[in-house]
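The next block is work.txt, given as compact mmCIF, C-alpha atoms and all ligand atoms.
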```txt
# COMPACT_ATOMS: atom_id res chain seq x y z
CA LEU A 21 23.72 -36.54 -22.96
CA SER A 22 25.25 -36.04 -19.52
CA SER A 23 21.80 -36.27 -17.90
CA LEU A 24 21.56 -39.93 -18.85
CA LEU A 25 24.66 -40.95 -16.91
CA PRO A 26 24.49 -41.68 -13.18
CA ILE A 27 26.13 -38.91 -11.22
CA PRO A 28 29.21 -40.05 -9.32
CA LEU A 29 29.05 -39.69 -5.53
CA SER A 30 32.09 -37.44 -5.60
CA VAL A 31 30.05 -34.79 -7.41
CA TYR A 32 27.55 -34.70 -4.55
CA PHE A 33 30.35 -34.17 -2.06
CA ALA A 34 31.97 -31.54 -4.24
CA PHE A 35 28.61 -29.76 -4.33
CA PHE A 36 28.16 -29.93 -0.53
CA HIS A 37 31.67 -28.65 -0.03
CA ASP A 38 31.32 -25.88 -2.59
CA TYR A 39 27.98 -24.86 -1.23
CA PHE A 40 28.90 -24.62 2.46
CA SER A 41 32.20 -22.91 1.75
CA THR A 42 30.59 -20.29 -0.47
CA ASN A 43 31.12 -16.92 1.16
CA TYR A 44 27.56 -15.85 1.82
CA VAL A 45 26.41 -19.30 2.94
CA ALA A 46 29.30 -19.68 5.39
CA THR A 47 28.86 -16.12 6.62
CA GLY A 48 25.13 -16.69 7.13
CA LEU A 49 25.75 -19.83 9.16
CA GLY A 50 28.45 -18.10 11.18
CA PHE A 51 26.07 -15.23 11.83
CA GLY A 52 23.43 -17.67 13.12
CA VAL A 53 25.92 -19.29 15.49
CA GLY A 54 27.09 -15.84 16.57
CA ILE A 55 23.54 -14.73 17.47
CA PHE A 56 23.22 -17.84 19.59
CA ALA A 57 26.47 -17.21 21.45
CA VAL A 58 25.74 -13.53 22.11
CA SER A 59 22.17 -14.30 23.27
CA TYR A 60 23.54 -16.88 25.65
CA LEU A 61 25.99 -14.39 27.15
CA PHE A 62 23.22 -11.84 27.70
CA PHE A 63 21.01 -14.58 29.13
CA ARG A 64 23.65 -15.48 31.69
CA GLY A 65 24.19 -11.87 32.64
CA SER A 66 20.56 -10.75 32.98
CA ASN A 67 18.20 -10.84 35.94
CA ASN A 68 15.10 -9.67 34.12
CA GLN A 69 12.84 -12.71 33.60
CA ARG A 70 11.00 -11.23 30.63
CA PHE A 71 14.20 -10.37 28.84
CA LYS A 72 15.59 -13.81 29.64
CA THR A 73 12.59 -15.54 28.09
CA SER A 74 12.88 -13.43 24.96
CA LEU A 75 16.53 -14.44 24.68
CA LEU A 76 15.67 -18.11 25.17
CA LEU A 77 13.11 -17.93 22.40
CA LEU A 78 15.54 -16.11 20.17
CA MET A 79 18.10 -18.86 20.78
CA LEU A 80 15.48 -21.48 20.02
CA VAL A 81 14.29 -19.88 16.80
CA ASP A 82 17.90 -19.28 15.82
CA SER A 83 19.02 -22.85 16.40
CA THR A 84 15.93 -24.21 14.65
CA THR A 85 16.34 -21.97 11.65
CA LEU A 86 19.95 -23.11 11.39
CA TRP A 87 18.85 -26.75 11.48
CA ILE A 88 16.18 -26.34 8.81
CA PHE A 89 18.58 -24.31 6.72
CA VAL A 90 21.31 -26.96 6.83
CA LEU A 91 18.95 -29.90 6.27
CA SER A 92 17.01 -28.27 3.45
CA SER A 93 20.27 -27.12 1.85
CA LEU A 94 21.43 -30.73 1.75
CA ALA A 95 18.09 -31.83 0.29
CA PHE A 96 18.11 -29.14 -2.39
CA CYS A 97 21.74 -29.94 -3.25
CA VAL A 98 20.79 -33.54 -3.87
CA ALA A 99 17.77 -32.51 -5.93
CA LEU A 100 19.70 -30.03 -8.04
CA VAL A 101 22.98 -31.91 -8.44
CA GLN A 102 22.39 -32.25 -12.18
CA GLN A 103 22.17 -28.50 -12.57
CA TYR A 104 25.24 -28.03 -10.40
CA TRP A 105 27.19 -30.17 -12.78
CA SER A 106 26.42 -27.88 -15.68
CA ALA A 107 26.37 -24.51 -13.88
CA ALA A 108 27.87 -24.49 -10.41
CA GLU A 109 27.56 -20.93 -9.18
CA PRO A 110 23.97 -20.10 -10.15
CA THR A 111 22.86 -23.42 -8.66
CA ILE A 112 24.53 -22.63 -5.34
CA ALA A 113 22.74 -19.28 -5.28
CA LEU A 114 19.44 -20.99 -6.05
CA VAL A 115 19.87 -23.62 -3.32
CA SER A 116 20.71 -20.99 -0.73
CA ARG A 117 17.59 -19.01 -1.59
CA PHE A 118 15.36 -22.10 -1.48
CA ALA A 119 16.87 -23.15 1.84
CA LEU A 120 16.40 -19.69 3.33
CA PHE A 121 12.73 -19.51 2.33
CA SER A 122 11.98 -23.00 3.56
CA SER A 123 13.60 -22.38 6.93
CA LEU A 124 11.65 -19.15 7.48
CA GLY A 125 8.35 -20.54 6.12
CA LEU A 126 8.52 -23.88 7.92
CA SER A 127 9.23 -22.23 11.28
CA ALA A 128 6.12 -20.06 11.02
CA ILE A 129 3.86 -22.88 9.86
CA LEU A 130 5.11 -25.23 12.59
CA VAL A 131 4.26 -22.80 15.36
CA GLY A 132 0.84 -21.95 13.89
CA VAL A 133 -0.33 -25.54 13.48
CA PHE A 134 0.95 -26.67 16.83
CA ARG A 135 -0.63 -23.76 18.67
CA ARG A 136 -4.07 -24.40 17.15
CA ARG A 137 -3.96 -28.07 18.09
CA SER A 138 -2.79 -27.55 21.65
CA ILE A 139 -5.40 -24.83 22.30
CA GLU A 140 -8.23 -27.09 21.12
CA ARG A 141 -7.08 -30.03 23.20
CA THR A 142 -6.59 -27.98 26.35
CA TYR A 143 -9.96 -26.30 26.02
CA ALA A 144 -11.76 -29.63 25.66
CA THR A 145 -10.10 -30.92 28.83
CA ILE A 146 -11.11 -27.87 30.84
CA ARG A 147 -14.64 -27.80 29.44
CA ASN A 148 -15.23 -31.42 30.44
CA ASN A 149 -14.00 -30.96 33.97
CA SER A 150 -15.24 -27.65 35.17
CA VAL A 151 -18.05 -25.26 35.73
CA ILE A 152 -17.27 -22.06 33.92
CA LEU A 153 -18.54 -19.16 36.01
CA GLY A 154 -17.82 -16.44 33.52
CA PRO A 155 -19.90 -13.47 32.52
CA GLU A 156 -20.80 -15.10 29.20
CA VAL A 157 -21.31 -18.68 30.28
CA THR A 158 -23.99 -19.04 32.91
CA ASP A 159 -25.23 -22.64 32.48
CA ALA A 160 -24.73 -24.70 35.62
CA GLY A 161 -22.93 -21.80 37.23
CA ALA A 162 -25.76 -20.46 39.32
CA SER A 163 -25.81 -23.41 41.72
CA TYR A 164 -22.09 -23.12 42.53
CA ALA A 165 -21.07 -20.71 45.21
CA SER A 166 -17.41 -19.97 44.65
CA ARG A 167 -15.24 -17.79 46.87
CA GLY A 168 -12.70 -17.90 44.07
CA LYS A 169 -15.04 -16.17 41.65
CA VAL A 170 -15.70 -13.24 44.00
CA ILE A 171 -12.00 -12.87 44.81
CA PHE A 172 -11.14 -13.09 41.14
CA GLN A 173 -13.64 -10.39 40.19
CA ASN A 174 -12.14 -8.02 42.77
CA LEU A 175 -8.68 -8.85 41.54
CA LEU A 176 -9.61 -8.10 37.93
CA ASN A 177 -11.11 -4.75 38.89
CA ARG A 178 -8.00 -3.82 40.85
CA ALA A 179 -5.64 -4.96 38.11
CA SER A 180 -7.49 -2.74 35.64
CA PHE A 181 -7.03 -5.63 33.29
CA THR A 182 -8.19 -4.62 29.85
CA LYS A 183 -9.00 -8.07 28.52
CA ARG A 184 -12.03 -10.11 29.50
CA VAL A 185 -11.04 -13.06 31.61
CA THR A 186 -13.48 -15.80 32.52
CA PHE A 187 -13.37 -17.75 35.77
CA ALA A 188 -13.62 -21.54 35.87
CA LEU A 189 -14.11 -23.75 38.89
CA LEU A 190 -12.59 -27.15 38.16
CA THR A 191 -15.10 -29.51 39.66
CA THR A 192 -13.79 -33.00 39.04
CA ASN A 193 -10.78 -34.60 40.61
CA GLU A 194 -9.31 -35.21 37.21
CA VAL A 195 -5.66 -35.87 37.98
CA ARG A 196 -4.51 -34.58 34.63
CA LEU A 197 -5.73 -31.14 35.55
CA PRO A 198 -3.44 -28.91 37.56
CA SER A 199 -4.57 -27.32 40.81
CA SER A 200 -5.01 -24.02 39.04
CA LEU A 201 -4.56 -22.94 35.46
CA ALA A 202 -4.57 -20.19 32.90
CA PHE A 203 -6.03 -20.65 29.46
CA ASP A 204 -5.26 -18.12 26.80
CA SER A 205 -6.54 -18.20 23.24
CA ARG A 206 -7.65 -15.40 20.98
CA LYS A 207 -11.32 -16.09 21.66
CA LEU A 208 -11.26 -16.97 25.32
CA LYS A 209 -9.10 -16.08 28.28
CA MET A 210 -9.77 -18.02 31.42
CA VAL A 211 -8.34 -18.59 34.88
CA GLY A 212 -9.36 -21.70 36.78
CA ILE A 213 -8.87 -23.28 40.17
CA GLN A 214 -9.77 -26.74 41.48
CA ARG A 215 -12.68 -26.82 43.90
CA LYS A 216 -10.63 -28.86 46.31
CA VAL A 217 -7.80 -26.32 46.23
CA GLU A 218 -10.25 -23.48 46.73
CA SER A 219 -11.53 -25.22 49.84
CA ILE A 220 -8.14 -25.60 51.53
CA LEU A 221 -6.81 -22.09 50.89
CA ASP A 222 -7.70 -18.89 52.71
CA ASP A 223 -8.84 -15.80 50.79
CA ASP A 224 -5.39 -14.22 50.52
CA GLU A 225 -3.89 -17.46 49.27
CA ILE A 226 -6.62 -17.89 46.65
CA GLU A 227 -6.06 -14.32 45.55
CA SER A 228 -2.32 -14.81 45.15
CA VAL A 229 -2.77 -18.06 43.20
CA LEU A 230 -5.34 -16.49 40.86
CA ALA A 231 -3.04 -13.49 40.41
CA HIS A 232 -0.25 -15.89 39.44
CA GLU A 233 -2.50 -17.41 36.77
CA LEU A 234 -3.58 -13.97 35.61
CA GLY A 235 0.12 -13.21 35.26
CA HIS A 236 0.43 -16.00 32.70
CA ILE A 237 -2.23 -14.29 30.60
CA ALA A 238 -0.84 -10.78 31.10
CA ASN A 239 2.64 -11.96 30.10
CA ARG A 240 1.33 -13.92 27.10
CA ASP A 241 3.08 -17.02 28.38
CA SER A 242 0.99 -19.53 26.52
CA LEU A 243 2.27 -18.29 23.16
CA GLN A 244 5.88 -18.41 24.33
CA LYS A 245 5.48 -21.88 25.81
CA THR A 246 3.82 -23.09 22.63
CA ILE A 247 6.66 -21.81 20.50
CA ALA A 248 9.17 -23.55 22.75
CA THR A 249 7.26 -26.84 22.80
CA GLY A 250 6.55 -26.71 19.08
CA TYR A 251 10.24 -26.49 18.27
CA ARG A 252 11.17 -29.22 20.72
CA ILE A 253 8.67 -31.57 19.08
CA ALA A 254 9.75 -30.62 15.58
CA PHE A 255 13.43 -31.16 16.36
CA PRO A 256 13.60 -34.10 18.73
CA PHE A 257 17.27 -34.60 17.89
CA ASP A 258 18.24 -31.08 18.95
CA PRO A 259 19.19 -31.21 22.65
CA ILE A 260 19.26 -27.43 22.77
CA ALA A 261 15.55 -27.25 21.95
CA ARG A 262 14.80 -29.55 24.90
CA LEU A 263 16.87 -27.51 27.35
CA ILE A 264 15.47 -24.22 26.14
CA GLU A 265 11.88 -25.42 26.32
CA ALA A 266 12.31 -26.39 29.96
CA ALA A 267 14.06 -23.11 30.75
CA VAL A 268 11.26 -21.08 29.11
CA TYR A 269 8.64 -22.88 31.22
CA ARG A 270 10.59 -22.39 34.47
CA ASN A 271 11.17 -18.79 33.61
CA ARG A 272 7.48 -18.14 32.98
CA GLU A 273 6.57 -19.60 36.39
CA ILE A 274 8.96 -17.28 38.19
CA SER A 275 7.62 -14.36 36.15
CA ALA A 276 4.02 -15.20 37.05
CA ASP A 277 5.02 -15.37 40.73
CA GLU A 278 6.53 -11.92 40.36
CA TYR A 279 3.36 -10.64 38.71
CA SER A 280 1.28 -12.03 41.58
CA THR A 281 3.54 -10.40 44.15
CA LYS A 282 3.30 -7.05 42.41
CA LEU A 283 -0.47 -7.19 42.07
CA THR A 284 -1.38 -8.45 45.54
CA SER A 285 1.68 -7.53 47.64
CA LYS A 286 1.19 -10.90 49.34
CA PRO A 287 4.19 -13.03 48.45
CA ALA A 288 3.95 -14.91 51.76
CA SER A 289 0.37 -15.95 50.91
CA LEU A 290 1.49 -17.34 47.58
CA ALA A 291 4.30 -19.22 49.30
CA SER A 292 1.95 -20.77 51.83
CA ALA A 293 -0.56 -21.59 49.09
CA LEU A 294 2.17 -23.44 47.18
CA LEU A 295 3.02 -25.45 50.28
CA LYS A 296 -0.62 -26.27 51.05
CA ILE A 297 -1.23 -27.36 47.46
CA TYR A 298 1.87 -29.49 47.57
CA GLU A 299 0.91 -31.18 50.85
CA ASN A 300 -2.80 -31.59 50.24
CA VAL A 301 -3.05 -32.17 46.55
CA GLN A 302 0.17 -33.20 44.93
CA LEU A 303 1.28 -35.64 47.60
CA GLN A 304 -2.10 -37.39 47.32
CA ILE A 305 -1.77 -38.07 43.62
CA PRO A 306 -0.14 -41.34 42.57
CA LYS A 307 3.51 -40.79 41.68
CA GLN A 308 3.13 -41.86 38.06
CA LEU A 309 0.63 -39.14 37.32
CA ALA A 310 1.39 -36.13 39.42
CA THR A 311 1.06 -32.63 38.07
CA ILE A 312 4.23 -30.86 38.92
CA GLY A 313 3.80 -27.58 40.61
CA PRO A 314 1.12 -25.17 39.73
CA PRO A 315 0.30 -25.45 36.22
CA SER A 316 0.33 -23.77 32.98
CA SER A 317 -2.01 -23.62 30.09
CA GLN A 318 -0.19 -26.66 28.77
CA LEU A 319 -1.33 -28.72 31.74
CA SER A 320 2.09 -30.18 32.19
CA VAL A 321 2.22 -33.65 33.57
CA LEU A 322 5.20 -35.49 34.96
CA ARG A 323 5.29 -39.18 34.41
CA GLU A 324 7.95 -40.50 36.64
CA LYS A 325 9.29 -43.83 35.57
CA GLY A 326 9.20 -46.32 38.38
CA GLY A 327 12.51 -47.12 39.93
CA ILE A 328 14.57 -44.04 39.26
CA SER A 329 16.24 -44.83 42.50
CA GLU A 330 17.94 -42.56 44.93
CA SER A 331 21.00 -44.77 44.79
CA ILE A 332 22.05 -43.70 41.32
CA SER A 333 20.98 -40.08 41.55
CA SER A 334 24.26 -38.37 42.09
CA SER A 335 24.51 -34.59 42.16
CA TRP A 336 25.08 -34.23 38.44
CA ARG A 337 22.02 -36.33 37.75
CA LEU A 338 19.99 -34.01 39.94
CA ARG A 339 21.41 -31.05 38.13
CA VAL A 340 20.47 -32.52 34.75
CA ARG A 341 16.97 -33.24 36.02
CA LYS A 342 16.68 -29.68 37.23
CA LEU A 343 17.79 -28.39 33.83
CA LEU A 344 15.24 -30.55 32.06
CA SER A 345 12.40 -29.82 34.47
CA LYS A 346 9.66 -27.49 33.27
CA GLN A 347 8.95 -26.38 36.81
CA PRO A 348 11.23 -24.47 39.15
CA THR A 349 11.64 -26.39 42.40
CA LEU A 350 9.22 -25.61 45.21
CA GLU A 351 12.16 -24.54 47.37
CA ASP A 352 13.35 -22.13 44.70
CA ARG A 353 9.95 -20.50 44.30
CA ILE A 354 9.32 -20.18 48.02
CA GLU A 355 12.77 -18.79 48.64
CA ARG A 356 12.25 -16.13 45.97
CA LEU A 357 8.80 -15.24 47.32
CA LEU A 358 9.92 -14.96 50.92
CA SER A 359 12.81 -12.74 49.93
CA ARG A 360 10.16 -10.27 48.76
CA ALA A 361 7.94 -10.59 51.80
ZN ZN B 1 2.07 -20.93 36.64
```

What's the structure tokens form of this structure?
Ligand SMILES: [Zn+2]
Amino acid sequence: LSSLLPIPLSVYFAFFHDYFSTNYVATGLGFGVGIFAVSYLFFRGSNNQRFKTSLLLLMLVDSTTLWIFVLSSLAFCVALVQQYWSAAEPTIALVSRFALFSSLGLSAILVGVFRRRSIERTYATIRNNSVILGPEVTDAGASYASRGKVIFQNLLNRASFTKRVTFALLTTNEVRLPSSLAFDSRKLKMVGIQRKVESILDDDEIESVLAHELGHIANRDSLQKTIATGYRIAFPFDPIARLIEAAVYRNREISADEYSTKLTSKPASLASALLKIYENVQLQIPKQLATIGPPSSQLSVLREKGGISESISSSWRLRVRKLLSKQPTLEDRIERLLSRA
């Protein structure tokens, strides 16, 4: 008979309260928050970029899992409130199990779907704007002489890189494309450079830029960036996801610079390449649609809103912008590179 009566609101709140103060649920949540705090402390204390990225991703997955867990717990509580009324404890146990499975399952699905979509989109953009001069794809390639391709082949041989990596010369001045890029999917790994950029750089500079892009593939950055972006999109209300995404991207850039330096021993060439690209390519692109810094497989694009004026940008505003930026500043990268030269 009780199922015919509307359930008073107070029962819902009693259920929420009971549920979240149940020992194992509260302990689980506390554990999640604890992992976040400890990861953050290690992150602050470490200088190893790879380790730092792993910690960032751990923090991201942790905070996301907590969110899904809390939200799905609330949803399951509402759905099962009738059962709670008749048998409180077993229902709490049931809700916690449901919530746990949905938070683990949803996280995995989210990343998988998002990664597939972003790989397809990126590949189409590259395909439409470049001549792929790889070993497999020979189509229009023969008529393009590319210094980049020769340099890249030598680089690959020296790196004793085990995976096949194709070279692409980006032939159109498509502003959405970065000056150089790395593409990494299970089927195809590819490093590309814009023809215009190839023409303004000397051989050592081209080598160091291509080595940077190769570093993105060697370090499996595209997967890490996709995870970070996937979570940010899935949880737009979580400011932590936004901050962590940007930090992962910045971190991967620095790591790829380090990879390039190790492989070529020419950090000064990479620094001068960055400056040349900035002066000759990025400054020429209209402000609203400038690619920021050398690129990633995500082809990141900065759309600056008109009128963010200097007058209101105080130092804390700059700091916030820096925290939210997916690219390390040019000064920061060059300073790091020259300290290794
Ligand atoms: Zn990069």

Would you tabulate, counting only C-alpha atoms, all residues of stretch 45-127 of chain A that have an atom at most 12 Å from an atom of stretch 278-287 of chain A, showing the closest pair of atoms and their distance in Å to one decimal, sorted by chain then ascending number, as CSV?
```
residue,atom,partner,partner_atom,distance
A:Asn68,CA,A:Glu278,CA,10.8
A:Gln69,CA,A:Glu278,CA,9.3
A:Arg70,CA,A:Glu278,CA,10.7
```

Selection within 12 Å of ligand ZN 1 (chain B) by all atoms listed in the file, output as a PyMOL selection string: chain A and resi 198-203+211-213+228-242+245+268-280+290+294+311-320+346-348+353

Determine, counting only C-alpha atoms, which protein, DNA and RNA residues have an atom within 7 Å of an atom of A:Phe187; residues of the same chain fewer than 2 positions away are not included. Present the result as a VMD selection string. chain A and resid 152 to 154 169 185 189 210 to 212

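Put simply, atom CA of A:Ser93 is 18.6 Å away from atom CA of A:Ser106.
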
If we count all atoms listed in the file and set the cut-off at 10 Å, which residues sit around stretch 28-39 of chain A, ignoring sequence neighbours fewer than 3 positions away in its own chain? Please answer as a tab-separated table (two decimals) with C-alpha atoms, in the frame of the given file.
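The resulting file, part-v3.tsv, is reproduced below:
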```tsv
chain	number	residue	atom	x	y	z
A	25	LEU	CA	24.66	-40.95	-16.91
A	42	THR	CA	30.59	-20.29	-0.47
A	43	ASN	CA	31.12	-16.92	1.16
A	44	TYR	CA	27.56	-15.85	1.82
A	45	VAL	CA	26.41	-19.30	2.94
A	46	ALA	CA	29.30	-19.68	5.39
A	93	SER	CA	20.27	-27.12	1.85
A	94	LEU	CA	21.43	-30.73	1.75
A	97	CYS	CA	21.74	-29.94	-3.25
A	98	VAL	CA	20.79	-33.54	-3.87
A	100	LEU	CA	19.70	-30.03	-8.04
A	101	VAL	CA	22.98	-31.91	-8.44
A	102	GLN	CA	22.39	-32.25	-12.18
A	104	TYR	CA	25.24	-28.03	-10.40
A	105	TRP	CA	27.19	-30.17	-12.78
A	108	ALA	CA	27.87	-24.49	-10.41
A	109	GLU	CA	27.56	-20.93	-9.18
A	111	THR	CA	22.86	-23.42	-8.66
A	112	ILE	CA	24.53	-22.63	-5.34
A	113	ALA	CA	22.74	-19.28	-5.28
A	115	VAL	CA	19.87	-23.62	-3.32
A	116	SER	CA	20.71	-20.99	-0.73
```

Box for stretch 340-347 of chain A - axis-aligned, 4 Å on each of the six sides, all listed atoms - centre and size in Å to one decimal, as JSON.
```
{"center_x": 14.7, "center_y": -29.8, "center_z": 34.6, "size_x": 19.5, "size_y": 14.9, "size_z": 13.2}
```

Name all residues at most 8 Å from stretch 86-92 of chain A (count all atoms listed in the file; drop same-chain ones fewer than 4 positions away) and give them as a PyMOL selection string. chain A and resi 49+52+82+96+119-120+122-123

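Using only C-alpha atoms for every distance, the candidate list A:Ala248, A:Ile264, A:Val301, A:Leu176 yields A:Val301 as the residue closest to A:Gln214.
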
Just give me the gap between atom CA of A:Leu208 and atom CA of A:Tyr143 in Å, one decimal is fine. 9.4 Å

So how many Å separate atom CA of A:Ser138 and atom CA of A:Phe255, to one decimal?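 For atom CA of A:Ser138 relative to atom CA of A:Phe255, the distance reads 17.4 Å.
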
Restricting the calculation to all atoms listed in the file, which member of A:Leu80, A:Asn174, A:Ala107, A:Leu243 is positioned closest to A:Ile260? A:Leu80

Under the rule that only C-alpha atoms are counted, which of A:Val151, A:Ile297, A:Ala144, A:Ala266 is the nearest residue to A:Glu225?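 Using only C-alpha atoms, the shortest distance to A:Glu225 belongs to A:Ile297.
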
Hey, what's within 9 Å of A:Leu343 if we count all atoms listed in the file and toss same-chain stuff fewer than 5 positions away? As a list of chain:residue names, please? A:Leu263, A:Ala266, A:Ala267, A:Leu338
